[in-house]
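Text of the file data_18.pdb, holding PDB, C-alpha atoms:
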```pdb
MODEL        1
ATOM      1  CA  MET A   1      17.800 -12.613  20.208
ATOM      2  CA  SER A   2      18.413  -8.892  19.964
ATOM      3  CA  TYR A   3      18.773  -6.489  17.097
ATOM      4  CA  GLY A   4      20.905  -3.690  18.443
ATOM      5  CA  ASN A   5      19.258  -2.541  21.655
ATOM      6  CA  THR A   6      15.772  -3.431  20.447
ATOM      7  CA  LEU A   7      14.234  -6.789  21.308
ATOM      8  CA  MET A   8      13.135  -8.826  18.343
ATOM      9  CA  THR A   9       9.518  -9.703  17.876
ATOM     10  CA  THR A  10       8.482 -13.339  17.673
ATOM     11  CA  LEU A  11       9.791 -15.248  14.697
ATOM     12  CA  VAL A  12       7.366 -15.218  11.790
ATOM     13  CA  PRO A  13       8.091 -17.562   8.915
ATOM     14  CA  ALA A  14       9.207 -15.916   5.710
ATOM     15  CA  PRO A  15       6.668 -15.748   2.914
ATOM     16  CA  HIS A  16       7.353 -18.934   0.947
ATOM     17  CA  THR A  17       4.395 -19.790  -1.286
ATOM     18  CA  PHE A  18       3.869 -18.018  -4.585
ATOM     19  CA  GLY A  19       0.788 -16.238  -3.209
ATOM     20  CA  GLN A  20       2.563 -15.093  -0.043
ATOM     21  CA  ILE A  21       5.555 -13.804  -1.998
ATOM     22  CA  ALA A  22       3.231 -12.032  -4.444
ATOM     23  CA  VAL A  23       1.311 -10.288  -1.648
ATOM     24  CA  PHE A  24       4.533  -9.352   0.170
ATOM     25  CA  SER A  25       6.095  -8.058  -3.051
ATOM     26  CA  TRP A  26       3.028  -6.034  -4.079
ATOM     27  CA  GLY A  27       2.877  -4.332  -0.693
ATOM     28  CA  MET A  28       6.592  -3.599  -0.498
ATOM     29  CA  LEU A  29       7.059  -2.559  -4.129
ATOM     30  CA  GLY A  30       4.077  -0.222  -3.877
ATOM     31  CA  ALA A  31       5.490   1.401  -0.749
ATOM     32  CA  MET A  32       8.923   1.654  -2.379
ATOM     33  CA  VAL A  33       7.436   3.307  -5.474
ATOM     34  CA  VAL A  34       5.856   5.989  -3.275
ATOM     35  CA  VAL A  35       9.247   6.747  -1.705
ATOM     36  CA  GLY A  36      11.082   6.471  -5.035
ATOM     37  CA  GLU A  37       8.701   8.884  -6.744
ATOM     38  CA  ALA A  38       9.306  11.460  -4.019
ATOM     39  CA  ILE A  39      13.077  11.047  -4.432
ATOM     40  CA  ALA A  40      12.799  11.609  -8.184
ATOM     41  CA  ARG A  41      10.545  14.665  -7.799
ATOM     42  CA  LEU A  42      12.805  16.307  -5.204
ATOM     43  CA  GLY A  43      15.915  15.442  -7.181
ATOM     44  CA  ARG A  44      14.648  17.048 -10.405
ATOM     45  CA  PHE A  45      13.836  20.377  -8.739
ATOM     46  CA  SER A  46      17.072  20.449  -6.751
ATOM     47  CA  HIS A  47      19.235  19.588  -9.710
ATOM     48  CA  GLU A  48      17.727  22.315 -11.880
ATOM     49  CA  THR A  49      18.064  24.902  -9.132
ATOM     50  CA  LEU A  50      21.580  24.034  -7.974
ATOM     51  CA  LYS A  51      23.337  23.167 -11.245
ATOM     52  CA  ALA A  52      24.212  26.768 -12.104
ATOM     53  CA  ARG A  53      24.864  28.013  -8.561
ATOM     54  CA  ASP A  54      28.027  28.473  -6.569
ATOM     55  CA  LEU A  55      27.314  28.005  -2.889
ATOM     56  CA  GLY A  56      28.826  30.389  -0.374
ATOM     57  CA  ALA A  57      30.121  29.418   3.059
ATOM     58  CA  TRP A  58      26.753  30.162   4.687
ATOM     59  CA  GLU A  59      24.850  27.972   2.200
ATOM     60  CA  ILE A  60      27.380  25.141   2.574
ATOM     61  CA  GLY A  61      27.160  25.378   6.368
ATOM     62  CA  PHE A  62      23.368  25.373   6.231
ATOM     63  CA  PHE A  63      23.342  22.386   3.895
ATOM     64  CA  VAL A  64      25.827  20.286   5.877
ATOM     65  CA  SER A  65      23.997  21.012   9.143
ATOM     66  CA  PHE A  66      20.587  20.280   7.677
ATOM     67  CA  LEU A  67      21.846  17.138   5.931
ATOM     68  CA  ALA A  68      23.282  15.758   9.187
ATOM     69  CA  PHE A  69      20.033  16.591  11.014
ATOM     70  CA  ILE A  70      17.687  15.083   8.413
ATOM     71  CA  LEU A  71      19.761  11.947   7.872
ATOM     72  CA  TYR A  72      19.789  11.231  11.598
ATOM     73  CA  THR A  73      16.182  12.137  12.393
ATOM     74  CA  GLU A  74      14.437  10.899   9.265
ATOM     75  CA  GLY A  75      16.856   8.494   7.606
ATOM     76  CA  TYR A  76      18.090   6.642  10.665
ATOM     77  CA  ARG A  77      15.496   7.180  13.410
ATOM     78  CA  GLY A  78      12.405   7.590  11.222
ATOM     79  CA  PHE A  79      12.982   5.126   8.417
ATOM     80  CA  GLN A  80      15.608   2.611   9.541
ATOM     81  CA  LYS A  81      14.389   2.210  13.116
ATOM     82  CA  ARG A  82      10.614   2.620  12.683
ATOM     83  CA  PHE A  83       8.933   2.961   9.293
ATOM     84  CA  SER A  84      10.904   0.436   7.221
ATOM     85  CA  PRO A  85      10.855  -2.504   9.640
ATOM     86  CA  ARG A  86       7.187  -1.890  10.480
ATOM     87  CA  THR A  87       6.281  -1.695   6.783
ATOM     88  CA  VAL A  88       8.079  -4.978   6.131
ATOM     89  CA  ALA A  89       6.555  -6.603   9.231
ATOM     90  CA  ARG A  90       3.093  -5.602   8.002
ATOM     91  CA  ALA A  91       3.886  -7.009   4.534
ATOM     92  CA  VAL A  92       4.905 -10.330   6.113
ATOM     93  CA  HIS A  93       1.773 -10.324   8.270
ATOM     94  CA  LEU A  94      -0.434  -9.617   5.259
ATOM     95  CA  ALA A  95       1.285 -12.375   3.274
ATOM     96  CA  HIS A  96       0.379 -14.870   5.992
ATOM     97  CA  HIS A  97      -3.094 -13.444   6.743
ATOM     98  CA  PRO A  98      -4.461 -12.095   3.440
ATOM     99  CA  ARG A  99      -7.797 -10.329   3.311
ATOM    100  CA  PRO A 100      -8.974  -9.357  -0.176
ATOM    101  CA  VAL A 101      -9.383  -5.619   0.427
ATOM    102  CA  TYR A 102      -6.016  -5.381   2.198
ATOM    103  CA  VAL A 103      -4.299  -7.405  -0.522
ATOM    104  CA  LEU A 104      -5.767  -5.094  -3.157
ATOM    105  CA  LEU A 105      -4.553  -2.061  -1.185
ATOM    106  CA  ALA A 106      -1.396  -3.748   0.126
ATOM    107  CA  PRO A 107       0.925  -0.722  -0.160
ATOM    108  CA  LEU A 108      -1.467   1.321   2.005
ATOM    109  CA  TYR A 109      -1.803  -1.578   4.431
ATOM    110  CA  CYS A 110       1.960  -2.002   4.683
ATOM    111  CA  MET A 111       2.431   1.719   5.362
ATOM    112  CA  ALA A 112      -0.184   1.451   8.169
ATOM    113  CA  LEU A 113      -2.607   3.795   6.415
ATOM    114  CA  ILE A 114      -5.379   1.189   6.561
ATOM    115  CA  GLY A 115      -6.003  -1.916   8.662
ATOM    116  CA  ALA A 116      -3.923  -0.865  11.662
ATOM    117  CA  PRO A 117      -5.000  -0.337  15.263
ATOM    118  CA  PRO A 118      -6.681   3.055  15.822
ATOM    119  CA  ARG A 119      -3.659   4.610  17.515
ATOM    120  CA  ARG A 120      -1.325   3.563  14.666
ATOM    121  CA  LEU A 121      -3.823   4.795  12.055
ATOM    122  CA  LEU A 122      -4.050   8.152  13.786
ATOM    123  CA  ALA A 123      -0.264   8.435  14.024
ATOM    124  CA  SER A 124       0.180   7.480  10.353
ATOM    125  CA  TRP A 125      -2.414   9.920   9.056
ATOM    126  CA  LEU A 126      -1.150  12.723  11.316
ATOM    127  CA  LEU A 127       2.329  12.074   9.947
ATOM    128  CA  ILE A 128       0.991  12.425   6.390
ATOM    129  CA  ALA A 129      -0.763  15.674   7.331
ATOM    130  CA  GLY A 130       2.425  16.955   8.965
ATOM    131  CA  ILE A 131       4.440  16.129   5.856
ATOM    132  CA  VAL A 132       1.948  18.051   3.706
ATOM    133  CA  VAL A 133       2.224  21.098   5.984
ATOM    134  CA  ILE A 134       6.031  20.952   5.927
ATOM    135  CA  VAL A 135       6.039  20.619   2.124
ATOM    136  CA  LEU A 136       3.843  23.704   1.843
ATOM    137  CA  LEU A 137       6.123  25.643   4.203
ATOM    138  CA  VAL A 138       9.302  24.576   2.377
ATOM    139  CA  ARG A 139       7.792  25.856  -0.875
ATOM    140  CA  LEU A 140       7.824  29.331   0.705
ATOM    141  CA  LEU A 141      11.614  29.264   1.037
ATOM    142  CA  PRO A 142      13.805  31.046  -1.516
ATOM    143  CA  PRO A 143      14.628  28.628  -4.388
ATOM    144  CA  LEU A 144      18.234  28.034  -3.305
ATOM    145  CA  TYR A 145      17.304  27.066   0.263
ATOM    146  CA  ARG A 146      14.343  25.047  -0.936
ATOM    147  CA  ALA A 147      16.692  23.097  -3.206
ATOM    148  CA  LEU A 148      19.148  22.505  -0.343
ATOM    149  CA  VAL A 149      16.340  21.272   1.914
ATOM    150  CA  ASP A 150      15.024  19.073  -0.901
ATOM    151  CA  VAL A 151      18.455  17.468  -1.397
ATOM    152  CA  GLY A 152      18.556  16.665   2.319
ATOM    153  CA  VAL A 153      15.056  15.225   2.316
ATOM    154  CA  ALA A 154      15.787  13.204  -0.838
ATOM    155  CA  SER A 155      18.923  11.840   0.858
ATOM    156  CA  ALA A 156      16.874  10.727   3.873
ATOM    157  CA  LEU A 157      14.353   9.118   1.525
ATOM    158  CA  VAL A 158      17.169   7.246  -0.234
ATOM    159  CA  TRP A 159      18.293   5.989   3.197
ATOM    160  CA  GLY A 160      14.712   4.912   3.833
ATOM    161  CA  LEU A 161      14.392   3.164   0.488
ATOM    162  CA  VAL A 162      17.641   1.268   1.034
ATOM    163  CA  SER A 163      16.510   0.254   4.534
ATOM    164  CA  MET A 164      13.204  -0.992   3.086
ATOM    165  CA  VAL A 165      15.103  -3.153   0.603
ATOM    166  CA  VAL A 166      17.450  -4.502   3.294
ATOM    167  CA  TYR A 167      14.597  -5.319   5.687
ATOM    168  CA  SER A 168      12.643  -6.942   2.831
ATOM    169  CA  VAL A 169      15.566  -9.231   2.029
ATOM    170  CA  LEU A 170      15.973 -10.069   5.720
ATOM    171  CA  ALA A 171      12.260 -10.866   6.023
ATOM    172  CA  LEU A 172      12.334 -13.083   2.951
ATOM    173  CA  ARG A 173      15.214 -14.957   4.598
ATOM    174  CA  GLY A 174      13.092 -15.495   7.737
ATOM    175  CA  ARG A 175      14.570 -12.796   9.986
ATOM    176  CA  PRO A 176      12.067 -11.132  12.351
ATOM    177  CA  MET A 177      11.688  -7.368  12.329
ATOM    178  CA  PRO A 178      12.820  -5.292  15.332
ATOM    179  CA  VAL A 179       9.330  -3.762  15.680
ATOM    180  CA  PRO A 180       5.947  -5.469  15.706
ATOM    181  CA  ALA A 181       3.652  -5.119  12.722
ATOM    182  CA  ASP A 182       0.897  -3.347  14.657
ATOM    183  CA  ALA A 183       2.655  -1.627  17.548
ATOM    184  CA  SER A 184       1.289   1.761  18.470
TER     185      SER A 184
ENDMDL
END
```
Before anything else, please render the file you have as C-alpha cells.
Amino acid sequence: MSYGNTLMTTLVPAPHTFGQIAVFSWGMLGAMVVVGEAIARLGRFSHETLKARDLGAWEIGFFVSFLAFILYTEGYRGFQKRFSPRTVARAVHLAHHPRPVYVLLAPLYCMALIGAPPRRLLASWLLIAGIVVIVLLVRLLPPLYRALVDVGVASALVWGLVSMVVYSVLALRGRPMPVPADAS
C-alpha cells in the first residue's frame, strides 16, 4: 500500500483501549498545544503591527513570495511530510508500548525530543536550536517585515496543526503513517 510516493510502514493497530487512547491523546494534544501557542503568539504581534498599515507593491511581493516559500518548505515538506506523521506514529507507538516516564512526558516523546534513537534526538534538538536562532534573527527585522514573516510562519504552523489533526484521525482509524516512528 502506498501513500503518495512514500511507502507505508507496517500496519499498527489503532489505539483502542481507554488507556491507549488517553496516552495517544495526551501526547498529541500536548504537541498541538505547543504549535497552537506559537500560532497565537505570532498572530497577536502580526495583527497589531499590520492592522494600521497599507502595504506597498514591494511589501506585497515580499509577503507573497515568502508565504509561498514557507508554506511549501515548512507547511508541506516539514510538517505534512515529516513532523506530523512521525509525531502521530510516535504517539501510536507510545500508546501500545507505554513507559511511565514517557507517558508522563508524552508530548516531548511524540515530538522526538526524548526517547528517540540518538540520530533522531540530535536532529530534533538541532532543529529546536535552529528555530531559536531564526527567531532571534527575525526579531532584528524592521517591525513591518517581522510581521510579514510572522504571518507566513503562523500560516505554516496552521498547516502543520491541521496535518497533525488529520494524521491523528487517520491513526485512530487504523491507518499507518507514511514514516516510521523512529526513523532517523
Between CA of Arg90 in chain A and CA of Ile134 in chain A - distance in Å to one decimal |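 Rounded to one decimal, the two atoms are 26.8 Å apart.
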For Gly30 in chain A, which residue out of A:Val64, A:Leu104, A:Ala154, A:Leu71 is the nearest one, using only C-alpha atoms?
->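 Once distances to Gly30 in chain A are computed over only C-alpha atoms, the minimum belongs to A:Leu104.
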Once the PyMOL selection byres ((chain A and resi 28) around 9) has been applied to the shown file, what residues remain in the selection, as number ranges by chain?
-> A: 23-27, 29-33, 87-88, 91, 106-107, 110-111, 164-165, 168
Kindly export the residues of the current selection with C-alpha atoms, as a PDB file, keeping the file's coordinate frame.
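As a result, part-v8.pdb now contains:
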```pdb
ATOM      1  CA  VAL A  23       1.311 -10.288  -1.648  1.00  0.00           C
ATOM      2  CA  PHE A  24       4.533  -9.352   0.170  1.00  0.00           C
ATOM      3  CA  SER A  25       6.095  -8.058  -3.051  1.00  0.00           C
ATOM      4  CA  TRP A  26       3.028  -6.034  -4.079  1.00  0.00           C
ATOM      5  CA  GLY A  27       2.877  -4.332  -0.693  1.00  0.00           C
ATOM      6  CA  LEU A  29       7.059  -2.559  -4.129  1.00  0.00           C
ATOM      7  CA  GLY A  30       4.077  -0.222  -3.877  1.00  0.00           C
ATOM      8  CA  ALA A  31       5.490   1.401  -0.749  1.00  0.00           C
ATOM      9  CA  MET A  32       8.923   1.654  -2.379  1.00  0.00           C
ATOM     10  CA  VAL A  33       7.436   3.307  -5.474  1.00  0.00           C
ATOM     11  CA  THR A  87       6.281  -1.695   6.783  1.00  0.00           C
ATOM     12  CA  VAL A  88       8.079  -4.978   6.131  1.00  0.00           C
ATOM     13  CA  ALA A  91       3.886  -7.009   4.534  1.00  0.00           C
ATOM     14  CA  ALA A 106      -1.396  -3.748   0.126  1.00  0.00           C
ATOM     15  CA  PRO A 107       0.925  -0.722  -0.160  1.00  0.00           C
ATOM     16  CA  CYS A 110       1.960  -2.002   4.683  1.00  0.00           C
ATOM     17  CA  MET A 111       2.431   1.719   5.362  1.00  0.00           C
ATOM     18  CA  MET A 164      13.204  -0.992   3.086  1.00  0.00           C
ATOM     19  CA  VAL A 165      15.103  -3.153   0.603  1.00  0.00           C
ATOM     20  CA  SER A 168      12.643  -6.942   2.831  1.00  0.00           C
TER      21      SER A 168
END
```
Pick from A:Phe18, A:Phe69, A:Trp125, A:Phe83 nearest to Gly160 in chain A, counting all atoms listed in the file =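 Using all atoms listed in the file, the shortest distance to Gly160 in chain A belongs to A:Phe83.
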Could you check which of A:Val179, A:Ile21, A:Ala57, A:Ile39 is closest to Val92 in chain A, using all atoms listed in the file?
->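 For Val92 in chain A, the nearest of the candidates is A:Ile21.
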What is the CA of Val149 in chain A to CA of Leu127 in chain A distance in Å?
->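 For CA of Val149 in chain A relative to CA of Leu127 in chain A, the distance reads 18.6 Å.
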What separation in Å, quoted to one decimal, exists between CA of Arg86 in chain A and CA of Met177 in chain A?
->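 CA of Arg86 in chain A sits 7.3 Å away from CA of Met177 in chain A.
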Which polymer residues have any atom within 10 Å of an atom of Ala116 in chain A, counting only C-alpha atoms, with same-chain residues fewer than 5 positions away left out, as number ranges by chain?
-> A: 90, 109-111, 121-122, 124, 181-184
Quick one: which residues end up in the PyMOL selection byres ((chain A and resi 162) around 12) for this structure, as a PyMOL selection string?
-> chain A and resi 32+35-36+75-76+79-80+84-85+155-161+163-169
Nearest to Ala38 in chain A among A:Gly19, A:Glu74, A:Leu50, A:Val153, with distances taken over all atoms listed in the file: which residue is it?
->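 Residue with the minimum atom-to-atom distance to Ala38 in chain A: A:Val153.
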Any chance you could work out the residue set of the PyMOL selection byres ((chain A and resi 143-148) around 7) here, as a ChimeraX atom specification?
-> /A:45-46,49-50,63,138-139,141-142,149-152
Which is closest to Ala22 in chain A among A:Gly174, A:Pro98, A:Phe66, A:Ala52, if we use all atoms listed in the file?
->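 Distance minimum relative to Ala22 in chain A lands on A:Pro98.
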Once 3 Å is added on each side, what are the centre and the three edge lengths, in Å to one decimal, of the axis-aligned box enclosing the listed atoms of range 101-109 of chain A? Present them as lines of an AutoDock Vina configuration file.
```
center_x = -4.2
center_y = -3.0
center_z = 0.6
size_x = 16.3
size_y = 14.7
size_z = 13.6
```
Between A:Lys81, A:Thr73, A:Leu108, A:Asp54, which is the closest to Val34 in chain A once you count all atoms listed in the file?
->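 Using all atoms listed in the file, Val34 in chain A sits closest to A:Leu108.
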